[in-house]
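**Student:** Contents are mmCIF, C-alpha atoms; file name protein_21.cif:
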data_query
#
loop_
_atom_site.label_atom_id
_atom_site.label_comp_id
_atom_site.auth_asym_id
_atom_site.auth_seq_id
_atom_site.Cartn_x
_atom_site.Cartn_y
_atom_site.Cartn_z
CA MET I 18 77.54 111.06 106.84
CA TYR I 19 78.01 114.79 106.47
CA ILE I 20 80.75 117.19 105.40
CA ASP I 21 81.19 120.42 107.34
CA THR I 22 82.56 122.80 104.70
CA HIS I 23 83.37 125.63 107.10
CA THR I 24 84.49 125.20 110.70
CA HIS I 25 87.14 126.89 112.84
CA LEU I 26 88.16 123.82 114.84
CA TYR I 27 91.45 125.46 115.80
CA SER I 28 89.68 128.34 117.57
CA THR I 29 90.85 129.18 121.08
CA LYS I 30 87.21 128.74 122.14
CA PHE I 31 87.89 124.98 121.94
CA ALA I 32 91.17 125.10 123.88
CA ALA I 33 89.77 123.61 127.08
CA ASP I 34 88.17 120.51 125.52
CA ARG I 35 89.43 120.24 121.95
CA LYS I 36 90.12 116.49 122.11
CA GLU I 37 86.61 115.73 123.37
CA MET I 38 85.08 118.15 120.84
CA MET I 39 86.94 116.43 117.98
CA ALA I 40 85.69 113.02 119.16
CA ARG I 41 82.10 114.26 119.04
CA ILE I 42 82.46 115.10 115.33
CA SER I 43 82.66 111.52 114.05
CA ALA I 44 80.15 110.36 116.64
CA ALA I 45 77.65 112.79 115.10
CA GLY I 46 78.14 111.36 111.63
CA VAL I 47 80.38 114.12 110.29
CA GLU I 48 83.42 112.58 108.65
CA LEU I 49 85.13 115.56 107.02
CA ALA I 50 85.64 119.07 108.36
CA ILE I 51 87.08 121.80 106.14
CA MET I 52 88.82 124.61 107.99
CA PRO I 53 89.05 128.17 106.61
CA ALA I 54 92.04 130.29 107.53
CA VAL I 55 91.78 133.71 109.20
CA ASP I 56 95.26 135.24 109.41
CA SER I 57 98.81 134.45 110.49
CA SER I 58 97.89 134.52 114.18
CA SER I 59 96.17 131.13 113.84
CA HIS I 60 97.91 129.40 110.92
CA ALA I 61 100.11 127.29 113.19
CA GLU I 62 97.17 126.01 115.22
CA MET I 63 95.14 125.22 112.10
CA LEU I 64 97.95 123.33 110.39
CA LEU I 65 98.80 121.40 113.56
CA LEU I 66 95.19 120.25 113.83
CA GLU I 67 95.20 119.17 110.18
CA LYS I 68 98.37 117.17 110.86
CA GLU I 69 96.89 115.55 113.98
CA TYR I 70 93.62 114.61 112.24
CA PRO I 71 94.57 113.94 108.61
CA ALA I 72 91.57 111.70 107.92
CA LEU I 73 89.09 114.22 109.33
CA THR I 74 90.30 117.71 108.37
CA LEU I 75 91.41 119.75 105.38
CA ALA I 76 92.72 123.32 105.50
CA MET I 77 92.18 126.37 103.34
CA ILE I 78 94.53 129.35 103.24
CA GLY I 79 93.50 132.98 102.89
CA LEU I 80 93.17 136.35 104.61
CA HIS I 81 89.85 137.03 106.35
CA PRO I 82 88.49 140.53 105.55
CA VAL I 83 88.14 141.43 109.23
CA SER I 84 91.90 140.82 109.52
CA VAL I 85 92.65 143.29 106.71
CA LYS I 86 94.42 146.12 108.57
CA GLU I 87 97.45 148.36 108.02
CA ASN I 88 99.69 145.29 107.63
CA PHE I 89 97.51 143.52 105.06
CA GLU I 90 100.29 143.42 102.47
CA GLU I 91 102.47 141.47 104.91
CA GLU I 92 99.60 139.06 105.57
CA LEU I 93 99.03 138.59 101.84
CA ALA I 94 102.72 137.84 101.33
CA ILE I 95 102.40 135.03 103.88
CA ILE I 96 99.41 133.62 101.96
CA GLU I 97 101.29 133.81 98.67
CA ASN I 98 104.23 131.88 100.14
CA TYR I 99 101.93 129.20 101.55
CA LEU I 100 100.23 128.76 98.18
CA ALA I 101 103.57 127.94 96.57
CA GLU I 102 104.53 125.42 99.27
CA ARG I 103 101.70 122.83 99.21
CA ARG I 104 98.25 122.04 97.91
CA TRP I 105 95.16 123.49 99.56
CA VAL I 106 91.49 122.61 99.36
CA ALA I 107 90.54 126.27 98.71
CA ILE I 108 91.53 129.89 99.23
CA GLY I 109 89.52 131.29 102.10
CA GLU I 110 88.00 132.69 103.88
CA ILE I 111 88.25 135.88 101.87
CA GLY I 112 85.87 138.66 100.91
CA MET I 113 84.50 141.81 102.49
CA ASP I 114 82.91 142.63 105.84
CA LEU I 115 81.11 145.96 105.98
CA TYR I 116 79.44 145.23 109.29
CA TRP I 117 82.25 145.51 111.82
CA ASP I 118 84.47 148.18 110.30
CA LYS I 119 84.31 150.06 107.00
CA SER I 120 87.56 151.98 107.48
CA PHE I 121 89.56 149.38 105.50
CA ARG I 122 86.99 148.90 102.75
CA GLU I 123 89.41 149.77 99.95
CA GLN I 124 92.09 147.45 101.35
CA GLN I 125 89.52 144.66 101.71
CA GLU I 126 88.70 144.95 98.02
CA ILE I 127 92.39 144.95 97.06
CA ALA I 128 92.98 141.84 99.18
CA PHE I 129 89.92 140.10 97.75
CA ARG I 130 90.85 140.82 94.14
CA ARG I 131 94.42 139.64 94.64
CA GLN I 132 93.35 136.40 96.29
CA CYS I 133 90.81 135.83 93.51
CA GLN I 134 93.66 136.11 91.02
CA TRP I 135 95.66 133.55 92.98
CA ALA I 136 92.62 131.25 92.94
CA ILE I 137 92.53 131.57 89.16
CA ASP I 138 96.28 131.03 88.88
CA TYR I 139 96.23 127.93 91.12
CA ASP I 140 92.85 126.72 89.84
CA LEU I 141 91.33 126.66 93.33
CA PRO I 142 87.85 127.52 94.59
CA ILE I 143 87.38 130.43 96.97
CA CYS I 144 85.40 130.64 100.19
CA ILE I 145 83.71 134.04 100.48
CA HIS I 146 82.89 135.95 103.66
CA ALA I 147 80.26 138.49 102.63
CA ARG I 148 78.79 140.16 105.68
CA GLU I 149 76.68 143.09 104.46
CA ALA I 150 78.69 142.99 101.24
CA ILE I 151 77.00 140.46 98.95
CA ASP I 152 76.18 142.96 96.21
CA GLU I 153 79.65 144.51 96.35
CA LEU I 154 81.31 141.10 95.98
CA LEU I 155 79.00 139.97 93.20
CA ALA I 156 79.93 143.16 91.31
CA ILE I 157 83.66 142.47 91.78
CA ILE I 158 83.27 138.87 90.60
CA LYS I 159 81.44 140.06 87.50
CA ASP I 160 84.17 142.64 86.90
CA ILE I 161 86.91 139.99 87.17
CA ASN I 162 84.90 138.02 84.61
CA ASN I 163 86.89 134.78 84.63
CA PRO I 164 85.07 131.43 84.32
CA LYS I 165 87.78 129.76 86.44
CA LEU I 166 86.71 131.83 89.45
CA ARG I 167 84.36 129.65 91.47
CA GLY I 168 83.60 128.92 95.09
CA VAL I 169 81.07 129.26 97.88
CA PHE I 170 79.35 132.18 99.57
CA HIS I 171 79.93 131.05 103.14
CA CYS I 172 77.12 131.64 105.64
CA PHE I 173 74.82 132.87 102.91
CA THR I 174 72.05 135.07 104.28
CA GLY I 175 71.05 136.99 101.16
CA SER I 176 67.88 137.16 99.10
CA VAL I 177 66.59 134.73 96.48
CA GLU I 178 67.73 137.18 93.81
CA GLN I 179 71.25 137.40 95.25
CA ALA I 180 71.38 133.62 95.52
CA GLN I 181 70.36 133.24 91.89
CA GLU I 182 73.01 135.70 90.77
CA ALA I 183 75.73 133.99 92.80
CA ILE I 184 74.76 130.60 91.37
CA SER I 185 74.70 132.00 87.83
CA LEU I 186 78.30 133.10 88.36
CA GLY I 187 79.35 129.56 89.28
CA PHE I 188 79.09 129.73 93.06
CA TYR I 189 77.56 127.56 95.77
CA LEU I 190 75.72 128.66 98.91
CA GLY I 191 77.04 127.66 102.34
CA ILE I 192 74.12 127.04 104.70
CA GLY I 193 74.55 126.79 108.45
CA GLY I 194 72.78 127.48 111.72
CA VAL I 195 70.93 130.57 110.45
CA ALA I 196 68.69 128.22 108.45
CA THR I 197 67.29 126.93 111.76
CA PHE I 198 66.53 130.38 113.19
CA LYS I 199 62.87 131.40 113.34
CA ASN I 200 63.57 134.64 111.47
CA GLY I 201 66.64 133.44 109.57
CA GLY I 202 64.97 134.12 106.24
CA LEU I 203 66.60 131.27 104.36
CA GLU I 204 63.56 129.10 103.63
CA PRO I 205 62.72 130.93 100.35
CA VAL I 206 66.35 130.64 99.25
CA LEU I 207 66.50 126.92 100.02
CA LYS I 208 63.25 126.33 98.16
CA ALA I 209 64.33 128.32 95.10
CA ALA I 210 68.00 127.37 94.77
CA PRO I 211 69.06 124.19 92.93
CA GLN I 212 69.82 121.49 95.48
CA ASN I 213 73.10 120.76 93.74
CA ARG I 214 74.37 124.20 94.77
CA ILE I 215 73.95 123.88 98.54
CA LEU I 216 76.76 123.08 101.00
CA LEU I 217 76.45 122.32 104.72
CA GLU I 218 78.53 124.23 107.24
CA THR I 219 78.59 125.18 110.90
CA ASP I 220 81.03 128.13 111.14
CA ALA I 221 81.85 126.67 114.57
CA PRO I 222 82.33 128.03 117.18
CA TYR I 223 79.86 130.66 115.92
CA LEU I 224 76.15 130.58 114.94
CA ALA I 225 75.01 127.45 116.74
CA PRO I 226 71.78 126.04 115.28
CA VAL I 227 68.50 125.56 117.10
CA PRO I 228 68.23 123.78 119.58
CA LYS I 229 71.78 124.75 120.56
CA ARG I 230 71.39 128.45 119.76
CA GLY I 231 73.26 130.69 122.17
CA LYS I 232 75.81 127.99 122.99
CA ARG I 233 79.28 127.48 121.53
CA ASN I 234 78.78 125.89 118.15
CA GLU I 235 80.47 122.63 117.20
CA THR I 236 80.84 120.64 113.99
CA ALA I 237 78.96 117.88 115.83
CA PHE I 238 75.85 120.10 115.60
CA LEU I 239 75.81 119.90 111.78
CA PRO I 240 72.99 117.28 111.71
CA PHE I 241 70.60 119.92 113.09
CA VAL I 242 71.24 122.00 109.96
CA ALA I 243 70.72 118.97 107.72
CA GLU I 244 67.45 118.15 109.50
CA LYS I 245 66.11 121.67 108.90
CA ILE I 246 67.07 121.58 105.22
CA ALA I 247 65.44 118.16 104.93
CA GLU I 248 62.23 119.63 106.34
CA ILE I 249 62.28 122.44 103.76
CA TRP I 250 63.17 120.10 100.89
CA GLU I 251 60.59 117.56 102.08
CA THR I 252 63.13 114.76 102.12
CA SER I 253 65.31 112.92 104.65
CA PRO I 254 68.46 114.17 106.39
CA GLU I 255 70.27 111.24 104.75
CA ALA I 256 69.26 112.52 101.31
CA VAL I 257 70.46 116.00 102.26
CA GLY I 258 73.77 114.48 103.34
CA ARG I 259 74.19 112.60 100.07
CA GLN I 260 73.37 115.63 97.93
CA THR I 261 75.50 118.13 99.85
CA ASN I 262 78.42 115.69 100.03
CA GLU I 263 78.28 115.32 96.26
CA ASN I 264 78.23 119.10 95.96
CA SER I 265 81.27 119.37 98.24
CA TRP I 266 83.17 116.82 96.17
CA GLN I 267 82.30 118.74 93.03
CA LEU I 268 83.38 122.18 94.24
CA PHE I 269 86.45 121.25 96.26
CA GLU I 270 87.55 118.41 93.96
CA LEU I 271 87.99 116.17 96.97
CA ASP I 272 89.36 113.37 94.81
CA ARG I 273 92.66 115.28 95.10
CA PHE I 274 92.76 114.50 98.82
CA ALA I 275 90.94 111.18 99.11
CA GLN I 276 92.81 108.20 100.50
CA LYS I 277 91.37 104.72 100.79
CA ASP I 278 91.69 104.66 104.57
CA PHE I 279 89.74 107.90 104.99
CA PRO I 280 86.12 107.07 105.98
CA TRP I 281 84.69 110.02 104.04
CA ALA I 282 86.49 108.92 100.86
CA ALA I 283 85.48 105.28 101.18
CA LYS I 284 81.80 106.08 101.69
CA GLN I 285 81.71 108.51 98.80
CA ALA I 286 83.24 105.85 96.56
CA LEU I 287 80.38 103.52 97.50
CA ILE I 288 77.83 106.22 96.67
CA LYS I 289 79.43 106.80 93.29
#
Would you kindly transcribe this structure into structure tokens?

**Tutor:**
Amino acid sequence: MYIDTHTHLYSTKFAADRKEMMARISAAGVELAIMPAVDSSSHAEMLLLEKEYPALTLAMIGLHPVSVKENFEEELAIIENYLAERRWVAIGEIGMDLYWDKSFREQQEIAFRRQCQWAIDYDLPICIHAREAIDELLAIIKDINNPKLRGVFHCFTGSVEQAQEAISLGFYLGIGGVATFKNGGLEPVLKAAPQNRILLETDAPYLAPVPKRGKRNETAFLPFVAEKIAEIWETSPEAVGRQTNENSWQLFELDRFAQKDFPWAAKQALIK
């Protein structure tokens, strides 16, 4: 089985066939899907999906950097209220995005630092969005300088050196469809990084892996990512699943959410 550590199952891109798409997840051998938040425009849909599929999904809460606009303080207040109301698997996705729009760069950093402090206060991991901002975020993490700050660099596409620095700071690397791209550039990273610091993800509905590239991505496509990593690691997809599941349990402390009737919890108990 596999764990998809980053998937937007509540996206409107799944509106027409969400029920069928959700059924394909378990059929593909994926038994847990972790959903990052974006902003208040989609919280209701995300939480409804988590309620409808309690044995399959877990939700994060956080403000996506692309959603950091003039009203970012209002959005952060919503996040802060949610954090006080219930337990979450992580704070995310948060970070910086210097690809789409740099006009809110300062506000993105303010939002990231504040959410990092909440992660420290609530003892939660963070899920980092770092598009064209890996070095900037590594510098901020080093400046915060708190050993409780931990998490994953989602959709990691950096260099071996950046990967090593992130790992040295207590972070994991989220690997998705880019690993299957001919010029994705992740093979050196996957060869150099410790296997106990790699997480599987899809970022569905974005970044579909080969052979589905160009199509709408789904969590059911996660095995294609595992197969590519297995090829690079010279092992089996099943071994990749076992290792990355263990990594997911370690980072997200999934024991907090495991129930005996959840397939993903029962199988992990057998592995342990």

**Student:** Do a neighbour search on Ala247 of chain I at 12 Å with only C-alpha atoms, toss out local chain neighbours closer than 2 positions, and write the hits as a ChimeraX atom specification.

**Tutor:** /I:196-197,204,207-208,212,217,240-245,249-261

**Student:** To verify the selection step, state as a PDB file with C-alpha atoms, keeping the file's coordinate frame which residues the PyMOL selection byres ((chain I and resi 131) around 12) yields on this input.

**Tutor:**
ATOM      1  CA  GLY I  79      93.500 132.980 102.890  1.00  0.00           C
ATOM      2  CA  LEU I  80      93.170 136.350 104.610  1.00  0.00           C
ATOM      3  CA  PHE I  89      97.510 143.520 105.060  1.00  0.00           C
ATOM      4  CA  GLU I  90     100.290 143.420 102.470  1.00  0.00           C
ATOM      5  CA  LEU I  93      99.030 138.590 101.840  1.00  0.00           C
ATOM      6  CA  ALA I  94     102.720 137.840 101.330  1.00  0.00           C
ATOM      7  CA  ILE I  96      99.410 133.620 101.960  1.00  0.00           C
ATOM      8  CA  GLU I  97     101.290 133.810  98.670  1.00  0.00           C
ATOM      9  CA  ILE I 108      91.530 129.890  99.230  1.00  0.00           C
ATOM     10  CA  ILE I 111      88.250 135.880 101.870  1.00  0.00           C
ATOM     11  CA  GLY I 112      85.870 138.660 100.910  1.00  0.00           C
ATOM     12  CA  GLN I 124      92.090 147.450 101.350  1.00  0.00           C
ATOM     13  CA  GLN I 125      89.520 144.660 101.710  1.00  0.00           C
ATOM     14  CA  GLU I 126      88.700 144.950  98.020  1.00  0.00           C
ATOM     15  CA  ILE I 127      92.390 144.950  97.060  1.00  0.00           C
ATOM     16  CA  ALA I 128      92.980 141.840  99.180  1.00  0.00           C
ATOM     17  CA  PHE I 129      89.920 140.100  97.750  1.00  0.00           C
ATOM     18  CA  ARG I 130      90.850 140.820  94.140  1.00  0.00           C
ATOM     19  CA  GLN I 132      93.350 136.400  96.290  1.00  0.00           C
ATOM     20  CA  CYS I 133      90.810 135.830  93.510  1.00  0.00           C
ATOM     21  CA  GLN I 134      93.660 136.110  91.020  1.00  0.00           C
ATOM     22  CA  TRP I 135      95.660 133.550  92.980  1.00  0.00           C
ATOM     23  CA  ALA I 136      92.620 131.250  92.940  1.00  0.00           C
ATOM     24  CA  ILE I 137      92.530 131.570  89.160  1.00  0.00           C
ATOM     25  CA  ASP I 138      96.280 131.030  88.880  1.00  0.00           C
ATOM     26  CA  ILE I 143      87.380 130.430  96.970  1.00  0.00           C
ATOM     27  CA  ILE I 157      83.660 142.470  91.780  1.00  0.00           C
ATOM     28  CA  ILE I 158      83.270 138.870  90.600  1.00  0.00           C
ATOM     29  CA  ILE I 161      86.910 139.990  87.170  1.00  0.00           C
TER      30      ILE I 161
END

**Student:** When you look at Arg230 of chain I with a cut-off of 9 Å (counting all atoms listed in the file), what residues show up, excluding the ones that are within fewer than 4 positions of it in the same chain? I need them as a PyMOL selection string.

**Tutor:** chain I and resi 194+198+224-226+234

**Student:** So that I can see what lies close to Lys30 of chain I, please list as a PyMOL selection string the residues with an atom at most 10 Å from it, counting only C-alpha atoms and leaving out residues fewer than 6 positions away in the same chain.

**Tutor:** chain I and resi 221-223+233-234

**Student:** Determine the residue membership of the PyMOL selection byres ((chain I and resi 45-48) around 6) for the file above and supply it as a PyMOL selection string.

**Tutor:** chain I and resi 18-20+42-44+49+73+237+281

**Student:** Considering only C-alpha atoms, state which residue in the set I:His25, I:Lys232, I:Arg104, I:Lys159 is at the smallest distance from Ser185 of chain I.

**Tutor:**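 Of I:His25, I:Lys232, I:Arg104, I:Lys159, the one nearest Ser185 of chain I, counting only C-alpha atoms, is I:Lys159.
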
**Student:** How would you write, as number ranges by chain, the residues chosen by the PyMOL selection byres ((chain I and resi 27) around 6) on this structure?

**Tutor:** I: 25-26, 28, 62-63

**Student:** Which of these residues is nearest to Pro82 of chain I, using only C-alpha atoms: I:Phe274, I:Trp266, I:Phe279, I:Trp117?

**Tutor:**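 Smallest distance to Pro82 of chain I is found for I:Trp117.
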